[in-house]
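Engineer: File follows, model21.cif with mmCIF, C-alpha atoms:
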```
data_final
loop_
_atom_site.label_atom_id
_atom_site.label_comp_id
_atom_site.auth_asym_id
_atom_site.auth_seq_id
_atom_site.Cartn_x
_atom_site.Cartn_y
_atom_site.Cartn_z
CA MET V 1 51.43 -38.49 73.38
CA LYS V 2 54.61 -38.31 71.47
CA ARG V 3 56.59 -35.14 72.05
CA ALA V 4 58.16 -33.26 69.15
CA PRO V 5 61.77 -34.16 68.83
CA ILE V 6 63.98 -31.44 70.24
CA ILE V 7 66.37 -30.22 67.64
CA LYS V 8 69.56 -30.62 69.57
CA ASN V 9 71.95 -29.81 66.81
CA ARG V 10 72.46 -26.01 66.77
CA LYS V 11 73.19 -25.92 63.05
CA LYS V 12 70.04 -27.83 62.26
CA ARG V 13 68.08 -25.54 64.60
CA LEU V 14 69.31 -22.46 62.76
CA THR V 15 68.43 -23.96 59.37
CA ALA V 16 64.92 -24.81 60.57
CA MET V 17 64.46 -21.26 61.93
CA GLN V 18 65.69 -19.79 58.66
CA LYS V 19 63.25 -21.96 56.78
CA LEU V 20 60.46 -20.85 59.09
CA GLU V 21 61.41 -17.23 58.56
CA LEU V 22 61.52 -17.72 54.81
CA ASN V 23 58.13 -19.39 54.80
CA SER V 24 56.75 -16.60 56.94
CA ARG V 25 58.13 -13.99 54.54
CA ASN V 26 56.70 -15.90 51.57
CA LEU V 27 53.35 -16.03 53.29
CA ASN V 28 53.40 -12.29 53.93
CA SER V 29 54.38 -11.70 50.33
CA ALA V 30 51.52 -13.91 49.11
CA VAL V 31 49.06 -12.05 51.37
CA SER V 32 50.34 -8.69 50.02
CA THR V 33 49.99 -9.96 46.45
CA LEU V 34 46.44 -11.07 47.17
CA LYS V 35 45.61 -7.69 48.65
CA GLU V 36 47.09 -6.00 45.56
CA GLN V 37 45.09 -8.25 43.27
CA LYS V 38 41.94 -7.51 45.24
CA LYS V 39 42.58 -3.76 44.81
CA LYS V 40 43.11 -4.25 41.05
CA VAL V 41 39.91 -6.27 40.70
CA LYS V 42 38.02 -3.57 42.57
CA ALA V 43 39.48 -0.90 40.27
CA LEU V 44 38.57 -2.95 37.19
CA LEU V 45 35.00 -3.42 38.43
CA LEU V 46 34.70 0.32 38.99
CA GLN V 47 36.08 1.01 35.53
CA SER V 48 33.69 -1.53 34.02
CA GLN V 49 30.76 0.20 35.74
CA LYS V 50 31.95 3.57 34.41
CA ILE V 51 32.26 2.15 30.88
CA LYS V 52 28.80 0.63 31.15
CA LYS V 53 27.38 3.96 32.31
CA ALA V 54 29.23 5.84 29.54
CA SER V 55 27.97 3.30 27.02
CA GLU V 56 24.37 3.76 28.24
CA ASN V 57 24.76 7.53 28.06
CA TYR V 58 26.20 7.25 24.56
CA ALA V 59 23.29 5.04 23.44
CA ALA V 60 20.80 7.46 24.96
CA LYS V 61 22.51 10.44 23.29
CA THR V 62 22.55 8.62 19.93
CA ASP V 63 18.84 7.83 20.26
CA VAL V 64 17.99 11.45 21.08
CA ILE V 65 19.99 12.69 18.11
CA SER V 66 18.46 10.08 15.78
CA ILE V 67 14.89 10.92 16.84
CA SER V 68 15.55 14.68 16.65
CA ALA V 69 17.00 14.30 13.16
CA HIS V 70 13.94 12.24 12.23
CA GLN V 71 11.59 15.00 13.44
CA ILE V 72 13.48 17.70 11.56
CA ARG V 73 13.59 15.58 8.39
CA THR V 74 9.83 14.93 8.62
CA SER V 75 9.16 18.67 8.54
CA LEU V 76 11.69 19.21 5.76
CA SER V 77 10.11 16.36 3.74
CA ALA V 78 6.70 18.01 4.00
CA ILE V 79 8.10 21.37 2.85
CA LYS V 80 10.06 19.69 0.03
CA TRP V 81 7.02 17.88 -1.35
CA ILE V 82 4.69 20.88 -1.11
CA ILE V 83 7.16 23.07 -3.01
CA GLU V 84 7.63 20.36 -5.62
CA MET V 85 3.90 20.06 -6.10
CA PHE V 86 3.71 23.81 -6.74
CA LEU V 87 6.70 23.76 -9.09
CA GLY V 88 5.40 20.64 -10.84
CA GLY V 89 2.13 22.40 -11.68
CA ASP V 90 0.06 20.05 -9.52
CA LEU V 91 -1.60 23.01 -7.81
CA GLY V 92 -2.21 25.22 -10.84
CA LYS V 93 -0.21 27.80 -12.76
CA MET V 94 2.00 30.33 -10.99
CA THR V 95 3.42 33.69 -11.93
CA VAL V 96 7.10 33.88 -12.84
CA GLU V 97 7.82 35.72 -9.61
CA GLN V 98 6.05 33.04 -7.54
CA GLU V 99 7.98 30.33 -9.35
CA ASN V 100 11.33 32.03 -8.73
CA LEU V 101 10.59 32.46 -5.06
CA LEU V 102 9.58 28.86 -4.69
CA ARG V 103 12.72 27.70 -6.46
CA LYS V 104 14.75 29.67 -3.94
CA ALA V 105 12.74 28.12 -1.10
CA HIS V 106 13.34 24.68 -2.57
CA GLU V 107 17.09 25.28 -2.80
CA ASN V 108 17.28 26.38 0.82
CA ASN V 109 15.17 23.45 1.96
CA GLU V 110 17.47 21.02 0.14
CA ARG V 111 20.43 22.64 1.85
CA ALA V 112 18.79 22.20 5.25
CA ILE V 113 18.19 18.51 4.47
CA MET V 114 21.86 18.07 3.66
CA VAL V 115 22.98 19.89 6.78
CA VAL V 116 20.94 17.44 8.89
CA SER V 117 22.62 14.51 7.12
CA GLU V 118 26.07 16.04 7.59
CA LEU V 119 25.45 16.68 11.29
CA LEU V 120 24.31 13.10 11.76
CA LEU V 121 27.40 11.87 9.97
CA MET V 122 29.73 14.07 12.02
CA ASN V 123 28.13 12.97 15.25
CA LYS V 124 28.39 9.32 14.36
CA THR V 125 31.91 9.28 12.97
CA GLU V 126 33.60 11.40 15.66
CA ASP V 127 32.28 9.00 18.28
CA ILE V 128 32.95 5.84 16.36
CA ILE V 129 36.56 6.44 15.42
CA GLU V 130 37.48 6.88 19.10
CA LYS V 131 35.85 3.58 20.07
CA GLN V 132 37.82 0.38 20.41
CA TYR V 133 38.44 -1.51 17.19
CA ILE V 134 37.38 -5.16 17.19
CA PHE V 135 38.63 -7.11 14.20
CA SER V 136 37.10 -10.21 12.72
CA PRO V 137 37.26 -12.03 9.38
CA LEU V 138 34.77 -10.53 6.94
CA ASP V 139 33.53 -11.18 3.45
CA MET V 140 34.32 -7.90 1.67
CA VAL V 141 32.21 -8.82 -1.35
CA ALA V 142 29.10 -9.05 0.84
CA LEU V 143 29.98 -5.81 2.62
CA VAL V 144 30.40 -3.94 -0.66
CA GLU V 145 27.09 -5.35 -1.94
CA ASP V 146 25.41 -4.12 1.27
CA SER V 147 26.77 -0.62 0.70
CA ILE V 148 25.58 -0.61 -2.90
CA PHE V 149 22.13 -1.64 -1.67
CA ASN V 150 22.11 1.19 0.89
CA PHE V 151 22.67 3.74 -1.85
CA SER V 152 20.59 2.12 -4.57
CA GLY V 153 17.77 4.64 -4.06
CA GLU V 154 20.05 7.67 -4.35
CA ALA V 155 21.86 6.25 -7.37
CA PHE V 156 18.54 5.37 -9.05
CA ALA V 157 17.17 8.88 -8.42
CA ARG V 158 20.15 10.42 -10.25
CA GLY V 159 20.14 7.88 -13.04
CA ILE V 160 23.57 6.67 -11.99
CA GLU V 161 24.54 3.09 -12.74
CA VAL V 162 26.71 1.37 -10.14
CA ILE V 163 28.77 -1.45 -11.63
CA PHE V 164 30.49 -3.82 -9.24
CA LEU V 165 33.21 -5.95 -10.85
CA LYS V 166 33.08 -8.85 -8.41
CA PRO V 167 36.23 -10.92 -7.86
CA GLY V 168 36.31 -14.71 -8.45
CA LYS V 169 34.74 -17.19 -6.07
CA GLU V 170 37.85 -17.93 -3.97
CA PHE V 171 38.29 -14.41 -2.57
CA PRO V 172 40.05 -14.14 0.80
CA LYS V 173 38.34 -12.65 3.83
CA ALA V 174 39.52 -9.31 5.18
CA LYS V 175 40.55 -8.52 8.76
CA VAL V 176 38.06 -5.78 9.53
CA ASP V 177 36.08 -3.88 12.15
CA LYS V 178 32.78 -4.06 10.28
CA GLU V 179 31.07 -1.03 11.85
CA LYS V 180 33.99 1.25 11.02
CA LEU V 181 34.67 -0.13 7.56
CA LEU V 182 31.02 0.46 6.65
CA ILE V 183 31.65 4.15 7.37
CA VAL V 184 34.52 4.09 4.86
CA LEU V 185 32.41 2.40 2.19
CA HIS V 186 29.39 4.61 2.80
CA ASN V 187 31.45 7.76 2.68
CA LEU V 188 33.09 6.79 -0.62
CA MET V 189 29.76 5.67 -2.15
CA ASP V 190 28.04 8.86 -0.99
CA ASN V 191 30.80 11.02 -2.49
CA ALA V 192 30.87 9.08 -5.75
CA ILE V 193 27.12 9.60 -6.23
CA LYS V 194 27.13 13.20 -5.00
CA TYR V 195 29.98 14.31 -7.24
CA SER V 196 29.11 12.23 -10.29
CA ASN V 197 27.35 13.69 -13.27
CA ALA V 198 23.71 12.65 -13.53
CA HIS V 199 23.24 9.49 -15.63
CA GLY V 200 26.92 8.64 -15.19
CA LYS V 201 28.49 5.37 -14.12
CA ILE V 202 30.33 4.32 -10.98
CA PHE V 203 32.73 1.39 -11.13
CA ILE V 204 33.68 -0.62 -8.05
CA VAL V 205 36.49 -3.15 -8.08
CA LEU V 206 37.75 -5.54 -5.40
CA LYS V 207 40.98 -7.43 -5.89
CA GLU V 208 43.83 -9.11 -4.04
CA GLU V 209 47.16 -7.31 -4.19
CA ASN V 210 50.40 -8.10 -2.31
CA GLY V 211 48.73 -9.67 0.71
CA PHE V 212 46.05 -6.98 0.90
CA ILE V 213 42.54 -6.56 -0.38
CA GLN V 214 42.31 -3.50 -2.58
CA PHE V 215 39.02 -1.68 -3.07
CA SER V 216 38.55 1.03 -5.68
CA ILE V 217 35.59 3.21 -6.64
CA LYS V 218 35.64 5.30 -9.78
CA ASP V 219 33.21 8.03 -10.71
CA THR V 220 33.05 10.09 -13.86
CA GLY V 221 32.32 13.44 -12.27
CA VAL V 222 34.16 16.17 -10.41
CA VAL V 223 37.93 16.34 -10.81
CA VAL V 224 39.95 17.27 -7.73
CA SER V 225 41.77 20.63 -7.96
CA GLU V 226 45.57 20.90 -7.73
CA GLU V 227 45.31 22.23 -4.20
CA GLY V 228 42.91 19.44 -3.33
CA LYS V 229 45.41 16.83 -4.45
CA LYS V 230 47.65 17.90 -1.56
CA ARG V 231 44.96 18.58 1.05
CA LEU V 232 41.99 16.36 0.40
CA PHE V 233 42.42 14.23 3.52
CA GLU V 234 42.82 17.19 5.87
CA LYS V 235 40.17 17.68 8.53
CA PHE V 236 37.45 20.12 7.42
CA TYR V 237 39.09 20.73 4.02
CA ARG V 238 36.60 20.91 1.14
CA ASP V 239 37.90 21.07 -2.40
CA ARG V 240 36.59 24.06 -4.37
CA GLU V 241 35.64 21.80 -7.31
CA ALA V 242 33.53 19.70 -4.96
CA MET V 243 31.94 22.84 -3.50
CA ARG V 244 30.97 23.98 -7.01
CA LYS V 245 28.94 20.81 -7.31
CA GLU V 246 27.74 20.57 -3.72
CA LEU V 247 27.90 23.53 -1.38
CA VAL V 248 27.04 21.68 1.81
CA GLY V 249 29.58 19.36 3.38
CA SER V 250 31.45 19.09 6.67
CA GLY V 251 34.82 18.17 5.18
CA ILE V 252 35.20 15.55 7.85
CA GLY V 253 34.47 12.45 5.78
CA LEU V 254 37.79 11.79 4.05
CA TYR V 255 39.81 12.74 7.13
CA THR V 256 37.79 10.24 9.16
CA ILE V 257 37.99 7.38 6.71
CA ARG V 258 41.73 7.79 6.32
CA LYS V 259 42.05 7.37 10.10
CA ILE V 260 39.92 4.25 9.95
CA VAL V 261 41.83 2.68 7.05
CA GLU V 262 45.17 3.39 8.71
CA ARG V 263 44.00 1.84 11.97
CA HIS V 264 43.26 -1.26 9.94
CA GLY V 265 46.85 -1.27 8.71
CA GLY V 266 45.92 -0.18 5.21
CA GLU V 267 46.39 2.82 2.95
CA ILE V 268 44.04 5.16 1.12
CA TRP V 269 44.76 7.33 -1.92
CA PHE V 270 43.10 8.66 -5.06
CA GLU V 271 43.70 9.49 -8.70
CA SER V 272 41.88 12.31 -10.42
CA GLY V 273 42.14 13.98 -13.78
CA GLN V 274 40.33 15.42 -16.79
CA ASN V 275 38.29 12.87 -18.73
CA MET V 276 38.93 10.21 -16.09
CA GLY V 277 36.92 11.49 -13.11
CA THR V 278 38.18 10.46 -9.69
CA THR V 279 39.06 7.03 -8.34
CA PHE V 280 39.54 6.34 -4.65
CA PHE V 281 41.54 3.30 -3.53
CA PHE V 282 42.09 1.71 -0.16
CA THR V 283 43.75 -1.47 1.06
CA ILE V 284 42.83 -3.71 3.98
CA PRO V 285 44.88 -6.64 5.29
CA ILE V 286 43.80 -10.14 4.35
CA PHE V 287 42.60 -12.14 7.35
CA LYS V 288 45.12 -14.74 8.46
CA GLN V 289 44.58 -17.49 11.02
CA GLU V 290 46.17 -15.77 13.97
CA SER V 291 44.62 -14.76 17.29
CA LEU V 292 42.01 -12.04 16.86
CA HIS V 293 42.66 -9.01 18.95
CA SER V 294 41.41 -5.58 19.77
CA ILE V 295 43.29 -2.35 19.54
CA MET F 1 -7.61 -3.34 -12.88
CA ALA F 2 -5.87 -0.63 -10.82
CA LYS F 3 -3.03 -1.66 -8.52
CA THR F 4 -3.54 -1.03 -4.79
CA ILE F 5 -0.94 0.54 -2.55
CA LEU F 6 -1.13 0.49 1.25
CA ILE F 7 0.50 3.54 2.87
CA ILE F 8 1.43 2.95 6.51
CA GLU F 9 2.29 6.44 7.83
CA ASP F 10 1.31 8.17 11.07
CA ASP F 11 1.81 11.73 9.73
CA ASP F 12 -1.57 12.51 8.10
CA PHE F 13 -0.18 15.36 6.06
CA LEU F 14 2.64 13.31 4.54
CA SER F 15 0.41 10.32 3.85
CA GLY F 16 -2.11 12.71 2.26
CA LEU F 17 0.54 14.06 -0.12
CA GLU F 18 1.75 10.55 -0.99
CA ALA F 19 -1.83 9.38 -1.59
CA THR F 20 -2.63 12.39 -3.80
CA LYS F 21 0.36 11.72 -6.04
CA LEU F 22 -0.29 7.97 -6.27
CA LYS F 23 -3.99 8.43 -7.05
CA LYS F 24 -3.12 10.91 -9.82
CA ARG F 25 -1.06 8.15 -11.39
CA GLY F 26 -4.03 5.82 -11.30
CA TYR F 27 -3.26 3.71 -8.26
CA GLU F 28 -5.85 2.78 -5.63
CA VAL F 29 -4.65 3.85 -2.20
CA LEU F 30 -5.36 2.57 1.29
CA THR F 31 -3.91 4.28 4.34
CA ALA F 32 -3.17 3.21 7.90
CA ALA F 33 -1.94 5.65 10.55
CA SER F 34 -0.58 3.04 12.95
CA GLY F 35 0.96 -0.41 12.95
CA ALA F 36 -2.15 -1.90 14.53
CA ASP F 37 -4.45 -0.39 11.86
CA ALA F 38 -2.10 -1.64 9.17
CA LEU F 39 -2.19 -5.20 10.48
CA LYS F 40 -6.01 -5.09 10.70
CA LEU F 41 -6.19 -4.03 7.06
CA ILE F 42 -3.70 -6.69 6.02
CA ASP F 43 -5.57 -9.38 7.97
CA SER F 44 -8.83 -8.39 6.26
CA LYS F 45 -7.35 -10.00 3.14
CA VAL F 46 -7.98 -6.93 0.98
CA LYS F 47 -5.87 -7.08 -2.19
CA ILE F 48 -2.62 -5.15 -1.78
CA ASP F 49 0.02 -4.87 -4.51
CA LEU F 50 2.62 -2.79 -2.69
CA ILE F 51 3.25 -1.54 0.85
CA LEU F 52 4.80 1.83 1.62
CA LEU F 53 5.94 1.61 5.21
CA ASP F 54 7.15 4.22 7.69
CA LEU F 55 9.19 2.88 10.61
CA LEU F 56 8.40 5.21 13.50
CA LEU F 57 4.74 4.51 14.20
CA PRO F 58 2.62 4.77 17.34
CA ASP F 59 1.85 1.45 19.08
CA ILE F 60 3.40 -1.29 16.92
CA ASP F 61 6.45 0.10 15.09
CA GLY F 62 7.30 -0.46 11.43
CA PHE F 63 9.86 -3.18 12.25
CA MET F 64 7.20 -5.29 13.97
CA VAL F 65 4.77 -4.73 11.10
CA LEU F 66 7.50 -5.90 8.75
CA GLU F 67 8.12 -9.02 10.84
CA LYS F 68 4.44 -9.89 10.79
CA ILE F 69 4.33 -9.45 7.01
CA ARG F 70 7.42 -11.64 6.57
CA ASP F 71 5.95 -14.32 8.85
CA ASN F 72 2.86 -14.55 6.69
CA LYS F 73 3.35 -16.72 3.58
CA ALA F 74 0.54 -15.00 1.68
CA LEU F 75 1.89 -11.50 2.40
CA ARG F 76 5.59 -12.22 1.96
CA PRO F 77 5.68 -11.73 -1.84
CA ILE F 78 4.13 -8.24 -1.64
CA PRO F 79 6.83 -5.69 -2.51
CA THR F 80 7.51 -3.32 0.39
CA ILE F 81 9.27 0.01 0.27
CA VAL F 82 10.48 1.19 3.66
CA PHE F 83 9.99 4.95 3.42
CA SER F 84 11.35 6.56 6.57
CA ASN F 85 13.46 9.44 7.86
CA LEU F 86 15.42 7.10 10.12
CA SER F 87 18.86 6.43 8.69
CA GLU F 88 20.92 4.75 11.40
CA GLU F 89 22.94 1.76 10.15
CA LYS F 90 21.29 -0.45 12.74
CA ASP F 91 17.85 0.43 11.34
CA ILE F 92 18.90 -0.28 7.76
CA GLU F 93 20.56 -3.58 8.84
CA HIS F 94 17.41 -4.57 10.73
CA VAL F 95 15.27 -3.89 7.66
CA LYS F 96 17.63 -5.79 5.36
CA LYS F 97 17.61 -8.83 7.68
CA LEU F 98 13.85 -8.89 7.20
CA GLY F 99 14.39 -9.27 3.46
CA ILE F 100 13.50 -5.75 2.30
CA SER F 101 15.20 -4.59 -0.86
CA ASN F 102 13.96 -1.01 -0.87
CA PHE F 103 14.86 1.53 1.78
CA MET F 104 14.32 5.17 0.91
CA ILE F 105 15.00 8.13 3.21
CA LYS F 106 11.94 10.38 2.74
CA SER F 107 13.70 13.72 2.81
CA ASN F 108 16.15 12.56 0.11
CA PHE F 109 13.45 11.87 -2.48
CA THR F 110 10.78 13.74 -4.34
CA LEU F 111 7.33 12.20 -4.67
CA ASP F 112 7.98 11.80 -8.40
CA GLU F 113 11.08 9.74 -7.60
CA LEU F 114 9.00 7.63 -5.22
CA LEU F 115 6.47 7.10 -8.02
CA GLU F 116 9.23 5.96 -10.35
CA ARG F 117 10.35 3.35 -7.84
CA VAL F 118 6.75 2.18 -7.32
CA LYS F 119 6.30 1.90 -11.11
CA GLU F 120 9.52 -0.09 -11.36
CA LEU F 121 8.24 -2.58 -8.80
CA ILE F 122 4.61 -3.07 -9.77
CA GLY F 123 4.02 -1.24 -13.05
CA GLU F 124 1.22 1.23 -13.57
#
```
Can the structure in the file be given as structure tokens, please?
Structural biologist:
Amino acid sequence: MKRAPIIKNRKKRLTAMQKLELNSRNLNSAVSTLKEQKKKVKALLLQSQKIKKASENYAAKTDVISISAHQIRTSLSAIKWIIEMFLGGDLGKMTVEQENLLRKAHENNERAIMVVSELLLMNKTEDIIEKQYIFSPLDMVALVEDSIFNFSGEAFARGIEVIFLKPGKEFPKAKVDKEKLLIVLHNLMDNAIKYSNAHGKIFIVLKEENGFIQFSIKDTGVVVSEEGKKRLFEKFYRDREAMRKELVGSGIGLYTIRKIVERHGGEIWFESGQNMGTTFFFTIPIFKQESLHSI
Amino acid sequence: MAKTILIIEDDDFLSGLEATKLKKRGYEVLTAASGADALKLIDSKVKIDLILLDLLLPDIDGFMVLEKIRDNKALRPIPTIVFSNLSEEKDIEHVKKLGISNFMIKSNFTLDELLERVKELIGE
């Protein structure tokens, strides 16, 4: 068997030992790094399990709230329809006193129905705006059409015509978190119908402007007060002109949608005045071919 | 000949009120209190001109009933109004994907408003 050559030269021996020491240090460093990485992976797994659990709890909570709201609404629907049958004369003539009492009951029942809707909205939006935003390219025309569909029943019931001035065929896609942008559209549609005069018109326009997509919705109803013009997007603020038309409201809608639009990198504003109703505008960035990311 | 409306609703009281109003307007009314009963009626090939469908039903839910209707060529053209107190976006999206163009939240509408929508879809 060949023996390892003895390194006779002292200088060469020292260099070899230094190299050995360096390699040993590098090896220790690599082992430490691996241990660190292992700790990080463990921490990430734990976090992922926590997120999964939180997500399951959130889904369970949402389901409980949705079913509870459904049960309450079922009872309120029954009361609503019975009262309307009385008031509509379906169940015979009533005295004036009976009619007045039933009208009061009807008013209170309608208020209860709205409170349920507001509570559902508050519950949904407070949770959603804290969730991670995930952006993807989206066809805004289709999204707006979906929103109009969702409110077609309410608009029809009030005799309100919703007119969507669609842009031309080559309309760019928007960079959007769909779930959150739907909240913006639904909130604006809901307000436009709620605060419009019966048998009025609502105009919706989509256009491209300075690298952004601009959405506007105009109603011909309630005009925002002077105080409201400064405070409308504040949390829980409700304009007195809006309250004259609709007493029930959480005041959280516009605050929430401003947060959502700003997280998208856009802006939201409104114009309101006598004989012109109120128009809300918001902008959303146009989708460009860059890497999609989450915030 | 009178038009026939199938009400699929598990709450007897609500379906009774809906039926009373529709009959007063001259419609024939059939009722089913569960998804399974609804499918039996539909399979019996009785003539139906419009379906009024609740979503939360015992046994087979309204979404499954809707899928079965959409899968059936003969039933697909029948106008369907989803009439429910569920209002989550995911429920509305689910219903839209199944091709439904009418979703009404019960507590937001009077029976007269429901009648107007029915009349718009199938006449009197």
Engineer: Set the cut-off to 6 Å and count all atoms listed in the file: what are the residues of chain V that reach chain F? Output as a CSV table (one decimal) with C-alpha atoms, in the frame of the given file.
Structural biologist:
```
chain,number,residue,atom,x,y,z
V,70,HIS,CA,13.9,12.2,12.2
V,73,ARG,CA,13.6,15.6,8.4
V,77,SER,CA,10.1,16.4,3.7
```
Engineer: Please identify all polymer residues within 9 Å of Leu30 of chain F, counting only C-alpha atoms, omitting same-chain residues fewer than 6 positions from it, and present them as a list in words.
Structural biologist: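 Surrounding residues, per the criterion: Thr4, Ile5, Leu6, Ile7, Ile8, Ala19, Leu41 and Ile48 of chain F.
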Engineer: Calculate how many Å separate atom CA of Asp177 of chain V from atom CA of Ser55 of chain V, rounding to one decimal.
Structural biologist: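 That distance, rounded to one decimal, is 18.4 Å.
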Engineer: Take the PyMOL selection byres ((chain V and resi 189) around 8), apply it to the structure above, and return the hits as a list in words.
Structural biologist: Ser147, Ile148, Phe151, Leu185, His186, Asn187, Leu188, Asp190, Asn191, Ala192, Ile193 and Ile217 of chain V
Engineer: Quick one: 4 Å padding each side, axis-aligned, all listed atoms of segment 89-108 of chain V - centre and edge lengths in Å to one decimal, as lines of an AutoDock Vina configuration file?
Structural biologist:
```
center_x = 7.5
center_y = 27.9
center_z = -6.0
size_x = 27.5
size_y = 23.7
size_z = 21.7
```
Engineer: Report the distance between atom CA of Val64 of chain V and atom CA of Ala78 of chain V in Å, rounded to one decimal place.
Structural biologist: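 A separation of 21.5 Å between them.
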Engineer: Within 10 Å of (16.1, 7.2, -11.1) (file coordinates; all atoms listed in the file), which protein or nucleic acid residues are there? I'd like them as a list in words.
Structural biologist: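 Selection result: Ser152, Gly153, Glu154, Ala155, Phe156, Ala157, Arg158, Gly159, Ile160, Glu161, Ala198 and His199 of chain V; Asp112, Glu113, Leu114, Glu116, Arg117 and Glu120 of chain F.
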Engineer: Deliver the residues from the most recent selection as a file, using C-alpha atoms, as a compact mmCIF listing (two decimals), in the frame of the given file.
Structural biologist:
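Final output, saved to out_36.txt:
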```
# COMPACT_ATOMS: atom_id res chain seq x y z
CA SER V 152 20.59 2.12 -4.57
CA GLY V 153 17.77 4.64 -4.06
CA GLU V 154 20.05 7.67 -4.35
CA ALA V 155 21.86 6.25 -7.37
CA PHE V 156 18.54 5.37 -9.05
CA ALA V 157 17.17 8.88 -8.42
CA ARG V 158 20.15 10.42 -10.25
CA GLY V 159 20.14 7.88 -13.04
CA ILE V 160 23.57 6.67 -11.99
CA GLU V 161 24.54 3.09 -12.74
CA ALA V 198 23.71 12.65 -13.53
CA HIS V 199 23.24 9.49 -15.63
CA ASP F 112 7.98 11.80 -8.40
CA GLU F 113 11.08 9.74 -7.60
CA LEU F 114 9.00 7.63 -5.22
CA GLU F 116 9.23 5.96 -10.35
CA ARG F 117 10.35 3.35 -7.84
CA GLU F 120 9.52 -0.09 -11.36
```
Engineer: In Å, rounded to a single decimal, give me how far atom CA of Leu50 of chain F is from atom CA of Ala38 of chain F.
Structural biologist: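 These two atoms are separated by 12.8 Å.
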Engineer: Convert the output of the PyMOL selection byres ((chain F and resi 36) around 12) on the shown file into explicit residues, formatted as a PyMOL selection string.
Structural biologist: chain F and resi 8-10+32-35+37-43+57-62+64-66+68
Engineer: Pick out the residues sitting within 6 Å of Ser216 of chain V, and hand them over as number ranges by chain; count all atoms listed in the file, and ignore anything fewer than 2 positions along from it in its own chain.
Structural biologist: V: 204-205, 280-281
Engineer: In the coordinates of the file, take the point (1.4, -6.9, -2.8) and a cut-off of 7 Å; then, counting only C-alpha atoms, name each qualifying protein, DNA or RNA residue as a compact mmCIF listing (two decimals) with C-alpha atoms, in the frame of the given file.
Structural biologist:
```
# COMPACT_ATOMS: atom_id res chain seq x y z
CA ILE F 48 -2.62 -5.15 -1.78
CA ASP F 49 0.02 -4.87 -4.51
CA LEU F 50 2.62 -2.79 -2.69
CA ILE F 51 3.25 -1.54 0.85
CA LEU F 75 1.89 -11.50 2.40
CA PRO F 77 5.68 -11.73 -1.84
CA ILE F 78 4.13 -8.24 -1.64
CA PRO F 79 6.83 -5.69 -2.51
```
Engineer: Counting only C-alpha atoms, figure out which residue out of V:Ser48, V:Lys166, V:Trp269, V:Ala54 gets nearest to Lys230 of chain V.
Structural biologist: V:Trp269
Engineer: Decode the PyMOL selection byres ((chain V and resi 138) around 6) for the given file into explicit residues and return them as a PyMOL selection string.
Structural biologist: chain V and resi 137+139-140+173-174
Engineer: Restricted to C-alpha atoms, what does segment 90-120 of chain F look like when written out as a short mmCIF file (atom, residue, chain, number, x, y, z; two decimals), in the first residue's frame?
Structural biologist:
```
data_model
loop_
_atom_site.label_atom_id
_atom_site.label_comp_id
_atom_site.auth_asym_id
_atom_site.auth_seq_id
_atom_site.Cartn_x
_atom_site.Cartn_y
_atom_site.Cartn_z
CA LYS F 90 -70.24 32.96 -3.55
CA ASP F 91 -73.91 31.88 -3.65
CA ILE F 92 -74.80 34.48 -6.27
CA GLU F 93 -71.71 33.54 -8.35
CA HIS F 94 -72.63 29.86 -8.11
CA VAL F 95 -76.16 30.59 -9.32
CA LYS F 96 -74.93 32.78 -12.17
CA LYS F 97 -72.51 30.08 -13.35
CA LEU F 98 -75.54 27.83 -13.70
CA GLY F 99 -77.03 30.33 -16.14
CA ILE F 100 -79.69 31.92 -13.92
CA SER F 101 -80.60 35.48 -14.76
CA ASN F 102 -82.91 36.16 -11.83
CA PHE F 103 -81.77 36.20 -8.22
CA MET F 104 -84.06 37.90 -5.73
CA ILE F 105 -83.44 38.19 -1.98
CA LYS F 106 -86.84 37.38 -0.43
CA SER F 107 -86.78 39.91 2.37
CA ASN F 108 -85.99 42.72 -0.11
CA PHE F 109 -89.15 42.21 -2.16
CA THR F 110 -92.87 42.35 -1.71
CA LEU F 111 -95.02 39.59 -3.19
CA ASP F 112 -96.42 42.15 -5.64
CA GLU F 113 -92.88 42.87 -6.85
CA LEU F 114 -92.31 39.13 -7.25
CA LEU F 115 -95.52 38.93 -9.29
CA GLU F 116 -94.30 41.72 -11.54
CA ARG F 117 -91.09 39.84 -12.25
CA VAL F 118 -93.03 36.63 -12.94
CA LYS F 119 -95.33 38.52 -15.33
CA GLU F 120 -92.30 40.00 -17.09
#
```
